[in-house]
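Participant: Here you go, this is data-v2.txt (compact mmCIF, C-alpha atoms and all ligand atoms).
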```txt
# COMPACT_ATOMS: atom_id res chain seq x y z
CA MET M 19 -84.31 -21.74 -11.24
CA THR M 20 -84.42 -17.92 -10.87
CA ALA M 21 -81.12 -16.27 -11.73
CA PRO M 22 -79.06 -16.01 -8.52
CA ASN M 23 -77.09 -12.85 -7.68
CA ILE M 24 -73.40 -13.60 -7.60
CA LEU M 25 -70.64 -11.20 -6.62
CA VAL M 26 -67.40 -11.82 -8.54
CA LEU M 27 -64.25 -10.48 -6.88
CA ALA M 28 -61.31 -10.45 -9.29
CA THR M 29 -57.67 -10.57 -8.22
CA GLY M 30 -55.88 -11.45 -11.49
CA GLY M 31 -53.84 -14.60 -12.16
CA THR M 32 -53.67 -16.65 -15.34
CA ILE M 33 -57.47 -16.70 -15.62
CA ALA M 34 -57.01 -12.99 -16.45
CA GLY M 35 -53.66 -13.52 -18.18
CA ALA M 36 -52.60 -12.72 -21.75
CA ALA M 37 -49.67 -13.71 -23.94
CA GLY M 38 -50.57 -11.57 -26.94
CA ASP M 39 -50.14 -14.72 -29.04
CA ALA M 40 -52.16 -17.94 -28.95
CA ILE M 41 -49.17 -20.31 -28.79
CA ARG M 42 -46.62 -18.38 -26.76
CA HIS M 43 -45.39 -20.12 -23.61
CA ASP M 44 -44.70 -17.03 -21.52
CA TYR M 45 -47.51 -14.61 -20.68
CA ARG M 46 -48.45 -12.00 -18.14
CA PRO M 47 -51.06 -12.77 -15.46
CA GLY M 48 -53.62 -10.14 -14.48
CA GLN M 49 -54.17 -8.47 -17.87
CA LEU M 50 -57.93 -8.91 -18.41
CA GLY M 51 -60.25 -6.66 -16.39
CA ILE M 52 -63.20 -8.26 -14.62
CA GLU M 53 -65.75 -6.70 -17.01
CA GLU M 54 -63.97 -8.24 -20.02
CA LEU M 55 -64.01 -11.64 -18.34
CA LEU M 56 -67.67 -11.33 -17.33
CA GLU M 57 -68.62 -10.32 -20.88
CA ARG M 58 -67.21 -13.63 -22.09
CA VAL M 59 -68.98 -15.49 -19.26
CA ARG M 60 -72.33 -13.80 -19.95
CA ALA M 61 -72.09 -14.86 -23.61
CA LEU M 62 -72.36 -18.48 -22.36
CA GLY M 63 -75.99 -17.75 -21.42
CA ILE M 64 -75.86 -19.27 -17.92
CA ALA M 65 -78.70 -17.99 -15.71
CA ALA M 66 -76.95 -15.80 -13.16
CA SER M 67 -76.80 -12.10 -12.43
CA LEU M 68 -73.11 -11.31 -12.08
CA THR M 69 -71.66 -8.21 -10.43
CA GLY M 70 -67.92 -7.79 -10.85
CA LYS M 71 -65.49 -5.97 -8.61
CA GLN M 72 -61.78 -5.63 -9.35
CA ILE M 73 -59.89 -6.07 -6.07
CA ALA M 74 -56.45 -6.43 -7.68
CA ASN M 75 -54.98 -7.56 -11.00
CA ILE M 76 -51.79 -9.37 -10.08
CA GLY M 77 -49.98 -12.67 -10.42
CA SER M 78 -50.82 -14.46 -7.19
CA GLU M 79 -47.13 -14.69 -6.28
CA ASP M 80 -47.76 -11.06 -5.24
CA MET M 81 -50.80 -11.89 -3.08
CA SER M 82 -50.61 -9.83 0.12
CA PRO M 83 -52.26 -9.33 3.51
CA ALA M 84 -53.77 -6.07 2.18
CA ILE M 85 -55.55 -7.96 -0.65
CA TRP M 86 -56.62 -10.69 1.77
CA ALA M 87 -58.13 -7.98 3.98
CA ALA M 88 -60.04 -6.51 1.01
CA LEU M 89 -61.30 -9.97 -0.02
CA HIS M 90 -62.41 -10.74 3.51
CA ARG M 91 -64.16 -7.38 3.87
CA GLU M 92 -65.98 -7.62 0.52
CA THR M 93 -66.98 -11.27 1.00
CA SER M 94 -68.25 -10.66 4.54
CA ALA M 95 -70.31 -7.70 3.34
CA ALA M 96 -71.77 -9.78 0.49
CA MET M 97 -72.65 -12.62 2.86
CA ALA M 98 -74.53 -10.18 5.08
CA GLU M 99 -76.43 -8.82 2.06
CA PRO M 100 -79.80 -10.66 1.72
CA GLU M 101 -79.82 -10.18 -2.08
CA CYS M 102 -76.45 -11.85 -2.59
CA ASP M 103 -76.54 -15.62 -3.16
CA GLY M 104 -72.82 -16.34 -3.31
CA VAL M 105 -69.33 -15.11 -4.08
CA ILE M 106 -66.82 -16.19 -6.72
CA ILE M 107 -63.20 -15.04 -6.38
CA THR M 108 -60.92 -15.26 -9.43
CA HIS M 109 -57.35 -15.97 -8.35
CA GLY M 110 -53.92 -17.01 -9.60
CA THR M 111 -53.25 -20.68 -9.04
CA ASP M 112 -49.87 -20.37 -7.29
CA THR M 113 -51.22 -19.18 -3.93
CA VAL M 114 -54.93 -19.96 -4.21
CA GLU M 115 -54.59 -22.56 -1.46
CA GLU M 116 -53.41 -19.97 1.04
CA THR M 117 -56.17 -17.47 0.22
CA ALA M 118 -58.85 -20.18 0.21
CA PHE M 119 -57.74 -21.61 3.56
CA LEU M 120 -57.42 -18.19 5.22
CA LEU M 121 -60.95 -17.25 4.12
CA ASP M 122 -62.23 -20.69 5.08
CA LEU M 123 -61.04 -20.18 8.65
CA THR M 124 -62.34 -16.61 8.97
CA LEU M 125 -65.73 -16.60 7.20
CA PRO M 126 -69.06 -18.15 8.23
CA THR M 127 -70.33 -20.97 6.02
CA THR M 128 -73.81 -19.60 5.39
CA LYS M 129 -73.33 -18.81 1.67
CA PRO M 130 -71.18 -20.40 -1.01
CA VAL M 131 -67.72 -18.90 -1.56
CA VAL M 132 -65.82 -20.37 -4.51
CA LEU M 133 -62.31 -19.58 -5.74
CA VAL M 134 -61.44 -20.27 -9.36
CA GLY M 135 -58.36 -19.93 -11.56
CA ALA M 136 -56.91 -21.20 -14.81
CA MET M 137 -53.68 -22.73 -16.04
CA ARG M 138 -53.77 -21.16 -19.52
CA PRO M 139 -54.01 -17.44 -20.26
CA ALA M 140 -57.18 -15.96 -21.74
CA ASP M 141 -55.82 -15.74 -25.31
CA ALA M 142 -54.26 -19.23 -25.40
CA VAL M 143 -55.53 -22.13 -27.49
CA GLY M 144 -57.69 -24.19 -25.11
CA TYR M 145 -58.11 -21.44 -22.47
CA ASP M 146 -59.44 -23.30 -19.43
CA GLY M 147 -60.58 -20.17 -17.58
CA LEU M 148 -63.99 -19.93 -19.19
CA ARG M 149 -64.87 -23.56 -18.51
CA ASN M 150 -63.52 -23.32 -14.96
CA PHE M 151 -65.60 -20.18 -14.41
CA ALA M 152 -68.72 -21.89 -15.81
CA ASN M 153 -68.00 -24.79 -13.42
CA ALA M 154 -67.59 -22.35 -10.51
CA LEU M 155 -70.94 -20.80 -11.42
CA GLN M 156 -72.56 -24.22 -11.38
CA VAL M 157 -71.14 -24.76 -7.85
CA VAL M 158 -71.96 -21.33 -6.39
CA ARG M 159 -75.57 -21.58 -7.69
CA SER M 160 -76.07 -24.89 -5.90
CA PRO M 161 -77.98 -24.55 -2.58
CA GLU M 162 -75.84 -27.45 -1.35
CA ALA M 163 -72.60 -25.47 -1.76
CA ALA M 164 -73.22 -23.59 1.50
CA GLY M 165 -72.10 -25.40 4.64
CA ARG M 166 -68.93 -26.82 3.08
CA GLY M 167 -66.61 -23.91 3.80
CA VAL M 168 -64.67 -22.16 1.05
CA LEU M 169 -64.32 -24.24 -2.12
CA VAL M 170 -61.83 -24.19 -5.00
CA VAL M 171 -62.90 -25.16 -8.52
CA MET M 172 -60.13 -26.16 -10.91
CA GLY M 173 -60.96 -28.21 -13.99
CA ASP M 174 -63.90 -30.42 -13.13
CA LYS M 175 -62.84 -30.88 -9.51
CA VAL M 176 -64.40 -29.14 -6.52
CA ILE M 177 -61.88 -29.24 -3.68
CA ALA M 178 -62.40 -28.05 -0.11
CA ALA M 179 -60.05 -25.30 1.11
CA ARG M 180 -58.55 -27.56 3.75
CA ASP M 181 -57.55 -30.14 1.14
CA VAL M 182 -56.60 -28.15 -1.95
CA ARG M 183 -53.01 -28.26 -3.24
CA LYS M 184 -51.41 -27.14 -6.47
CA ALA M 185 -49.53 -30.30 -7.42
CA ARG M 186 -48.19 -29.57 -10.93
CA THR M 187 -46.54 -26.60 -12.59
CA ARG M 188 -48.28 -27.12 -15.95
CA GLY M 189 -51.34 -28.72 -17.50
CA ILE M 190 -55.00 -28.05 -16.84
CA ASP M 191 -55.17 -30.89 -14.27
CA ALA M 192 -52.74 -29.19 -11.89
CA PHE M 193 -54.71 -29.51 -8.63
CA GLU M 194 -55.21 -32.30 -6.12
CA GLY M 195 -56.97 -32.60 -2.82
CA PHE M 196 -55.43 -34.26 0.22
CA PRO M 197 -56.66 -36.13 2.20
CA ARG M 198 -60.04 -35.72 0.43
CA ALA M 199 -59.53 -35.68 -3.34
CA SER M 200 -62.68 -33.77 -4.34
CA VAL M 201 -65.95 -33.03 -2.58
CA ALA M 202 -67.81 -32.89 -5.91
CA LEU M 203 -67.35 -33.27 -9.63
CA VAL M 204 -68.65 -30.49 -11.85
CA THR M 205 -69.10 -29.66 -15.51
CA PRO M 206 -70.90 -26.60 -16.92
CA SER M 207 -74.05 -28.77 -17.14
CA ALA M 208 -73.86 -31.10 -14.12
CA LEU M 209 -72.79 -31.17 -10.51
CA GLU M 210 -72.47 -34.21 -8.28
CA TRP M 211 -71.74 -33.74 -4.59
CA PHE M 212 -70.07 -36.58 -2.69
CA GLY M 213 -71.91 -36.41 0.64
CA ALA M 214 -73.89 -33.79 2.52
CA PRO M 215 -72.60 -30.38 3.70
CA TRP M 216 -70.62 -30.86 6.92
CA ARG M 217 -70.39 -27.30 8.24
CA VAL M 218 -73.98 -26.07 7.98
CA ASP M 219 -74.44 -22.52 9.37
CA GLU M 220 -71.07 -22.61 11.11
CA PRO M 221 -69.85 -19.19 12.28
CA ALA M 222 -66.32 -18.01 11.43
CA ARG M 223 -63.79 -20.20 13.22
CA PHE M 224 -61.34 -17.32 13.80
CA ALA M 225 -61.49 -13.54 13.69
CA PHE M 226 -59.77 -12.20 10.57
CA ALA M 227 -56.38 -10.67 11.39
CA GLU M 228 -55.40 -7.67 9.24
CA ALA M 229 -51.76 -8.07 10.23
CA LEU M 230 -50.67 -11.69 10.49
CA PRO M 231 -47.71 -12.37 12.80
CA ASP M 232 -44.35 -13.33 11.33
CA VAL M 233 -44.36 -17.12 10.81
CA PRO M 234 -41.67 -18.28 8.36
CA ILE M 235 -41.38 -21.72 6.75
CA LEU M 236 -38.08 -23.54 7.26
CA THR M 237 -37.45 -25.79 4.25
CA VAL M 238 -35.32 -28.75 5.32
CA PHE M 239 -32.89 -30.48 2.94
CA ALA M 240 -30.24 -33.17 3.22
CA GLY M 241 -27.05 -31.80 4.75
CA MET M 242 -28.72 -28.66 6.11
CA PRO M 243 -26.49 -26.79 8.59
CA ALA M 244 -28.15 -25.90 11.89
CA ASP M 245 -27.40 -22.20 11.51
CA TYR M 246 -30.12 -21.96 8.84
CA VAL M 247 -32.56 -21.80 11.75
CA ALA M 248 -30.84 -18.74 13.23
CA ARG M 249 -30.68 -17.13 9.76
CA LEU M 250 -34.45 -17.42 9.41
CA VAL M 251 -35.56 -16.23 12.83
CA THR M 252 -35.72 -12.48 13.56
CA PRO M 253 -36.93 -10.64 16.68
CA ALA M 254 -40.33 -10.36 14.94
CA THR M 255 -40.72 -14.13 14.49
CA ARG M 256 -43.65 -15.56 16.48
CA GLY M 257 -43.65 -19.16 15.27
CA ILE M 258 -42.03 -21.53 12.72
CA VAL M 259 -43.41 -24.13 10.34
CA VAL M 260 -40.89 -26.80 9.39
CA GLU M 261 -41.19 -28.16 5.85
CA GLY M 262 -39.58 -31.40 6.92
CA LEU M 263 -38.32 -34.50 5.15
CA GLY M 264 -40.66 -37.49 4.89
CA GLU M 265 -42.98 -37.43 7.88
CA GLY M 266 -41.66 -34.06 9.06
CA ASN M 267 -38.10 -35.14 9.85
CA MET M 268 -34.98 -32.97 10.06
CA PRO M 269 -31.23 -33.36 10.72
CA ASP M 270 -30.48 -33.61 14.44
CA PRO M 271 -28.55 -30.30 14.72
CA VAL M 272 -31.55 -28.53 13.15
CA ARG M 273 -33.87 -30.30 15.60
CA GLN M 274 -31.72 -29.14 18.51
CA ALA M 275 -31.78 -25.52 17.29
CA LEU M 276 -35.58 -25.70 17.02
CA VAL M 277 -35.92 -27.34 20.46
CA ALA M 278 -34.03 -24.35 21.91
CA LEU M 279 -36.49 -21.94 20.25
CA ALA M 280 -39.50 -23.99 21.37
CA ALA M 281 -38.15 -23.87 24.94
CA LYS M 282 -38.22 -20.06 24.67
CA GLY M 283 -41.92 -20.21 23.79
CA LEU M 284 -41.82 -20.09 19.96
CA PRO M 285 -44.36 -22.61 18.56
CA VAL M 286 -42.65 -25.03 16.13
CA VAL M 287 -44.94 -27.00 13.80
CA ARG M 288 -43.61 -30.03 11.90
CA ALA M 289 -45.06 -30.45 8.38
CA SER M 290 -43.74 -32.37 5.36
CA ARG M 291 -42.28 -31.36 2.02
CA LEU M 292 -44.12 -34.33 0.46
CA GLU M 293 -47.36 -33.82 -1.43
CA GLU M 294 -49.32 -36.47 0.45
CA GLY M 295 -49.24 -38.06 3.88
CA LEU M 296 -50.06 -37.12 7.44
CA VAL M 297 -47.45 -35.84 9.88
CA ASP M 298 -48.64 -37.46 13.08
CA ARG M 299 -47.57 -36.71 16.60
CA GLU M 300 -44.80 -38.96 17.96
CA PRO M 301 -43.72 -39.42 21.60
CA GLU M 302 -40.58 -37.32 21.00
CA ASP M 303 -42.69 -34.30 20.01
CA GLU M 304 -43.62 -34.06 23.66
CA ALA M 305 -39.95 -33.92 24.69
CA ASN M 306 -39.03 -31.54 21.86
CA GLY M 307 -41.97 -29.22 22.52
CA PHE M 308 -43.15 -29.51 18.89
CA VAL M 309 -46.60 -29.53 17.29
CA THR M 310 -47.41 -31.58 14.16
CA ALA M 311 -49.35 -30.33 11.15
CA ARG M 312 -51.31 -33.57 10.49
CA ALA M 313 -52.92 -33.21 7.03
CA LEU M 314 -51.89 -29.62 6.35
CA GLY M 315 -48.99 -28.91 4.01
CA PRO M 316 -46.56 -26.11 4.95
CA PRO M 317 -48.42 -23.17 3.30
CA LYS M 318 -51.68 -23.98 5.06
CA ALA M 319 -49.92 -24.97 8.32
CA ARG M 320 -48.37 -21.49 8.25
CA ILE M 321 -51.74 -19.75 7.79
CA LEU M 322 -53.27 -21.69 10.69
CA LEU M 323 -50.36 -21.01 13.05
CA ALA M 324 -50.38 -17.30 12.20
CA LEU M 325 -54.14 -17.10 12.87
CA LEU M 326 -53.82 -19.01 16.15
CA ILE M 327 -51.05 -16.70 17.35
CA ALA M 328 -53.05 -13.64 16.23
CA SER M 329 -56.02 -15.01 18.23
CA GLY M 330 -53.87 -15.34 21.35
CA VAL M 331 -53.73 -19.16 21.35
CA ALA M 332 -50.29 -19.92 22.80
CA ASP M 333 -50.72 -23.21 24.60
CA LEU M 334 -49.16 -26.10 22.63
CA VAL M 335 -51.96 -28.53 23.49
CA ALA M 336 -54.53 -26.04 22.19
CA ILE M 337 -52.47 -25.42 19.04
CA GLN M 338 -52.10 -29.18 18.42
CA ARG M 339 -55.86 -29.62 18.87
CA GLU M 340 -56.50 -27.16 16.02
CA TYR M 341 -54.21 -29.11 13.65
CA ASP M 342 -55.85 -32.36 14.73
CA ARG M 343 -59.30 -30.92 13.84
CA ARG M 344 -58.40 -30.19 10.18
N1 LIG E 1 -49.02 -16.61 -12.44
C1 LIG E 1 -49.55 -17.53 -11.56
C2 LIG E 1 -50.47 -16.91 -10.54
O1 LIG E 1 -51.00 -15.84 -10.77
C3 LIG E 1 -50.07 -18.79 -12.16
C4 LIG E 1 -51.54 -18.96 -12.40
O2 LIG E 1 -52.43 -18.17 -12.13
O3 LIG E 1 -51.86 -20.05 -12.91
O4 LIG E 1 -50.64 -17.52 -9.52
```
Kindly present the structure from the file in structure tokens form.
Facilitator:
Amino acid sequence: MTAPNILVLATGGTIAGAAGDAIRHDYRPGQLGIEELLERVRALGIAASLTGKQIANIGSEDMSPAIWAALHRETSAAMAEPECDGVIITHGTDTVEETAFLLDLTLPTTKPVVLVGAMRPADAVGYDGLRNFANALQVVRSPEAAGRGVLVVMGDKVIAARDVRKARTRGIDAFEGFPRASVALVTPSALEWFGAPWRVDEPARFAFAEALPDVPILTVFAGMPADYVARLVTPATRGIVVEGLGEGNMPDPVRQALVALAAKGLPVVRASRLEEGLVDREPEDEANGFVTARALGPPKARILLALLIASGVADLVAIQREYDRR
């Protein structure tokens, strides 16, 4: 195989983190520059020509629309560049699912785009970043990686953007996919895809929005007073995602407050605070004027609703159809 040209966009996270001590628990994300990381990757001797670009160097809790815009711009430009074979984005693990899903919805699927992170900082014993990066390289070099949308590589799992979820706070096996667990298994020396690409040559599903509309997440808990809804909604709010109990349930006074907002034209999407399980449409959603998130957890349901609103999709049937498609 000739060495493919891969653009590496770096945003920070634990993969670029440092503790200054191999066994310290606390550390700071976003300490290693991209060239330092690539030097360590190149020493592995994997056939690939890597060009690094530092987009940010942050903990991904500080991920922002401005960084998303830069990632989208740089990735789009690379995809249009005939010499570029694929893009790897290094990212903190806390919000990688939001970035991956946003890019998945707003980029074409003609070239592989892979996000990768780590759970241990670069100077820790058993740093997982180098192996994860080698795995990401194995994926991005594969001709079969295109046509699957944006992918996330964590450990030896390759998870599609629609499915990826951070499920654990610690440990190198922190990620799960739902409803599809992984679309491939990867090691630095082997890659096994489960099935053929399903989005071959698909154009971007939505135009990228530089400024996403205000769509907060309402986290429901037992005993929640209804006025929490009013406390969350401002004049700028354009839609709400409910992180509901079980299959997207909520106390009745909260439901009534949301029904009143839905009647005024604010889209309300019911999701679940649980890690796994669909939130399916029920007959009362019709009466309430609600939409259901189906397989998407609250962070991804929020990204989709914000993009739909930014694209001018206001009709509830059309909004529901987009959740049903994921
Ligand atoms: N500090 C977190 C972040 O940047 C954790 C991590 O990367 O694993 O998202």
Participant: Excluding Ala324 (chain M) and residues on its chain fewer than 5 positions from it, collect all residues at most 9 Å away from it, counting all atoms listed in the file, and give them as an mmCIF file with C-alpha atoms, in the frame of the given file.
Facilitator:
```cif
data_model
loop_
_atom_site.group_PDB
_atom_site.id
_atom_site.type_symbol
_atom_site.label_atom_id
_atom_site.label_comp_id
_atom_site.auth_asym_id
_atom_site.auth_seq_id
_atom_site.Cartn_x
_atom_site.Cartn_y
_atom_site.Cartn_z
ATOM 1 C CA ALA M 227 -56.380 -10.670 11.390
ATOM 2 C CA LEU M 230 -50.670 -11.690 10.490
ATOM 3 C CA PRO M 231 -47.710 -12.370 12.800
ATOM 4 C CA ASP M 232 -44.350 -13.330 11.330
ATOM 5 C CA VAL M 233 -44.360 -17.120 10.810
ATOM 6 C CA ARG M 256 -43.650 -15.560 16.480
ATOM 7 C CA GLY M 257 -43.650 -19.160 15.270
ATOM 8 C CA ALA M 319 -49.920 -24.970 8.320
ATOM 9 C CA SER M 329 -56.020 -15.010 18.230
#
```
Participant: How would you report the residues lying within 6 Å of ligand LIG 1 (chain E), as an MDAnalysis selection string, if you count all atoms listed in the file?
Facilitator: chainID M and resid 31:32 47 77:79 110:113 136:137
Participant: My list of candidates is M:Ile76, M:Ala37, M:Leu125, M:Val201. Which is closest to Asp141 (chain M) when distances are computed with all atoms listed in the file?
Facilitator: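 The shortest atom-to-atom distance to Asp141 (chain M) comes from M:Ala37.
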Participant: Excluding region 299-308 of chain M and its own-chain neighbours fewer than 4 positions away, which residues fall within 8 Å of it when counting all atoms listed in the file? Please give them as number ranges by chain.
Facilitator: M: 277, 280-281, 285-288, 312, 334
Participant: Between CA of Val134 (chain M) and CA of Ala152 (chain M), what is the distance in Å, rounded to a tenth?
Facilitator: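 It comes out at 9.9 Å.
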Participant: Rank nothing, just name the residue among M:Ile24, M:Asp80, M:Val143, M:Ala88 nearest to Ile106 (chain M), using all atoms listed in the file.
Facilitator: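 Result for the nearest residue to Ile106 (chain M): M:Ile24.
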Participant: Using Å and a single decimal, report how far CA of Gly264 (chain M) sits from CA of Val331 (chain M).
Facilitator: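 Atom-to-atom, CA of Val331 (chain M) to CA of Gly264 (chain M), that is 27.9 Å.
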Participant: Of the candidates M:Thr69, M:Thr237, M:Thr20, M:Thr117, which one gets nearest to Arg180 (chain M) if we count only C-alpha atoms?
Facilitator: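 For Arg180 (chain M), the nearest of the candidates is M:Thr117.
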Participant: For a quick check of your reading of the model, name the residues lying within 12 Å of the coordinate (-77.7, -25.3, -1.2), counting only C-alpha atoms, and write them as a list in words.
Facilitator: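 Here is the list of nearby residues: Pro22, Asp103, Gly104, Thr127, Thr128, Lys129, Pro130, Val131, Gln156, Val157, Val158, Arg159, Ser160, Pro161, Glu162, Ala163, Ala164, Gly165, Arg166, Trp211, Ala214, Pro215, Val218 and Asp219 of chain M.
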Participant: What is the distance, in Å and to one decimal place, between CA of Ile85 (chain M) and CA of Thr29 (chain M)?
Facilitator: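 Separation of CA of Ile85 (chain M) and CA of Thr29 (chain M): 8.3 Å.
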